[in-house]
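Data first, discussion second: the structure below is written as structure tokens.
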Amino acid sequence: MNIAICEDDAFMAETLKEYVKEFLDSKELLHTIEWFDTAAKFYKSTETFDLIFLDYELPDSNGMEIAKNLRKTNNKSTIIFTTSFSEYVFQSFEVNTFRYLVKPVTREDVETTMTALINNFEQYAKVDIPTEGGETVFASLPEIMYIESNGRYTTVRLNSTSYVSTKALTTFQSEINSFKFYRTHRTFLVNMKYIAEIHGSTIILTNGEKVSISRRNLSTFNHAYFNYLKYSDL
């Protein structure tokens, strides 16, 4: 996830960066964060950002104008406005804003907002599955139960069917990049949505299948599953 913070207050920018990084690190989600203290610097960037925290009042531009210019060429970036003035909240939705944060932004504000953003994204995100037969099918993240490595191939188990794929498990893992999926074993990537029971180092899925957790991953899995239960429905 590529993230931009457009904020002229250095302390506020650093605080926001710290909260966002802390949250994404805890979910083991890959990300980059860039800070811009003026609109001019932001416009000069050649990066395409997945998420933009946009201060409503920058020294050389109005945040709404930046957002309108951005929407002329980019409708995919998620915009979250930050400001000290709550009266701008209704204007912000003219440019398809995801959320609006009133300063001073707290750790809880960021945690709640980022959780909602990730859950919203993953509801519609799809992953391509190149099959051994040469065709490519697409599956949404919520319908993937697990992905299992079998030598040169992987088995992608969906809640209604399964596919044998030529794509490596590590590639699937990096593309999915979701805190709801956990690598329980070197051969298994599991969607924690489908966990029915946990008995020691054995997971029982909702369809009755069993998945093992390697001994070295057991403690980190417990932490990951706790985070999943805490944040997945926010």
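In the structure tokens, chains take the letters A, B, ... in the order shown, each chain's residues start at 1, and ligands count up from 1 in the order shown.
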
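Look at Lys167 (chain A): the protein and nucleic acid residues within 8 Å of it, using only C-alpha atoms and passing over chain neighbours fewer than 4 places away, are A:Ile129, A:Pro130, A:Tyr153, A:Thr154, A:Thr171, A:Phe172.
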
Counting only C-alpha atoms, what is within 12 Å of Thr112 (chain A), bar same-chain residues fewer than 6 positions away, as a ChimeraX atom specification? /A:19-20,23,99-101,105-106,118-119,230-234

Take the residues from that selection and put them in a file with C-alpha atoms, as a PDB file, in the first residue's frame.
ATOM      1  CA  TYR A  19      -0.012   5.758  13.943  1.00  0.00           C
ATOM      2  CA  VAL A  20      -0.523   4.474  10.392  1.00  0.00           C
ATOM      3  CA  PHE A  23      -1.242  -0.196  12.597  1.00  0.00           C
ATOM      4  CA  ARG A  99     -13.440   9.432   5.840  1.00  0.00           C
ATOM      5  CA  TYR A 100     -12.924  12.773   7.554  1.00  0.00           C
ATOM      6  CA  LEU A 101     -10.640  13.078  10.595  1.00  0.00           C
ATOM      7  CA  VAL A 105      -6.058  12.893  15.265  1.00  0.00           C
ATOM      8  CA  THR A 106      -5.744  10.104  17.822  1.00  0.00           C
ATOM      9  CA  ILE A 118      -8.975  -2.449   4.704  1.00  0.00           C
ATOM     10  CA  ASN A 119     -12.250  -4.266   5.300  1.00  0.00           C
ATOM     11  CA  LYS A 230     -10.603  -7.591  17.175  1.00  0.00           C
ATOM     12  CA  TYR A 231     -10.560  -5.718  13.877  1.00  0.00           C
ATOM     13  CA  SER A 232     -12.291  -7.755  11.188  1.00  0.00           C
ATOM     14  CA  ASP A 233     -15.819  -6.518  11.885  1.00  0.00           C
ATOM     15  CA  LEU A 234     -15.113  -2.851  12.561  1.00  0.00           C
TER      16      LEU A 234
END

Taking 6 positions as the minimum chain separation for residues in the same chain, which residues sit within 7 Å of Tyr146 (chain A) when counting only C-alpha atoms? Answer as a PDB file with C-alpha atoms, in the first residue's frame.
ATOM      1  CA  VAL A 156      -6.607 -22.616  -4.106  1.00  0.00           C
ATOM      2  CA  ARG A 157      -9.577 -23.759  -2.053  1.00  0.00           C
ATOM      3  CA  PHE A 188      -0.448 -23.248   3.974  1.00  0.00           C
ATOM      4  CA  LEU A 189      -1.933 -19.745   3.750  1.00  0.00           C
ATOM      5  CA  VAL A 190      -5.246 -19.664   5.633  1.00  0.00           C
ATOM      6  CA  ASN A 191      -8.109 -17.183   5.601  1.00  0.00           C
TER       7      ASN A 191
END

Would you mind writing down, as an MDAnalysis selection string, each residue of region 13-81 of chain A that DSSP on the backbone assigns to strand (DSSP E or B)? chainID A and resid 32:36 51:55 57:58 61:62 78:81

Find the spatial neighbours of Lys180 (chain A), counting only C-alpha atoms, within a cut-off of 12 Å - ignore same-chain residues fewer than 3 positions away - and output them as a PyMOL selection string. chain A and resi 26-29+115+118-119+122-123+141-142+144-146+173+176-177+183+189-195+221+223-233

Rounded to one decimal in Å, what is the spacing between CA of Val102 (chain A) and CA of Ser84 (chain A)? 5.4 Å

Distance in Å - CA of Glu209 (chain A) versus CA of Thr184 (chain A): 14.3 Å

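Closest approach to Thr202 (chain A) from the set A:Ser214, A:Thr113, A:Asn159, A:Thr187 is made by A:Ser214, with distances taken over only C-alpha atoms.
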
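Among the candidates A:Val127, A:Leu158, A:Val110, A:Ile213, the residue lying nearest to Thr15 (chain A) is A:Val110 (atoms considered: only C-alpha atoms).
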
When you look at Pro59 (chain A) with a cut-off of 12 Å (counting only C-alpha atoms), what residues show up, excluding the ones that are within fewer than 3 positions of it in the same chain? I need them as a CSV table (one decimal) with C-alpha atoms, in the first residue's frame.
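Generated output (out-v8.csv):
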chain,number,residue,atom,x,y,z
A,6,CYS,CA,-0.2,16.0,2.7
A,7,GLU,CA,0.3,18.0,5.9
A,8,ASP,CA,2.2,21.3,6.5
A,9,ASP,CA,2.5,20.7,10.3
A,36,PHE,CA,4.5,16.3,1.5
A,37,ASP,CA,4.2,19.7,3.3
A,38,THR,CA,3.0,21.6,0.2
A,39,ALA,CA,0.7,20.9,-2.7
A,40,ALA,CA,3.5,21.8,-5.1
A,41,LYS,CA,5.6,18.9,-3.8
A,55,ASP,CA,-5.0,18.4,5.1
A,56,TYR,CA,-7.8,20.7,4.2
A,62,ASN,CA,-6.9,24.3,-0.6
A,63,GLY,CA,-7.3,20.6,0.1
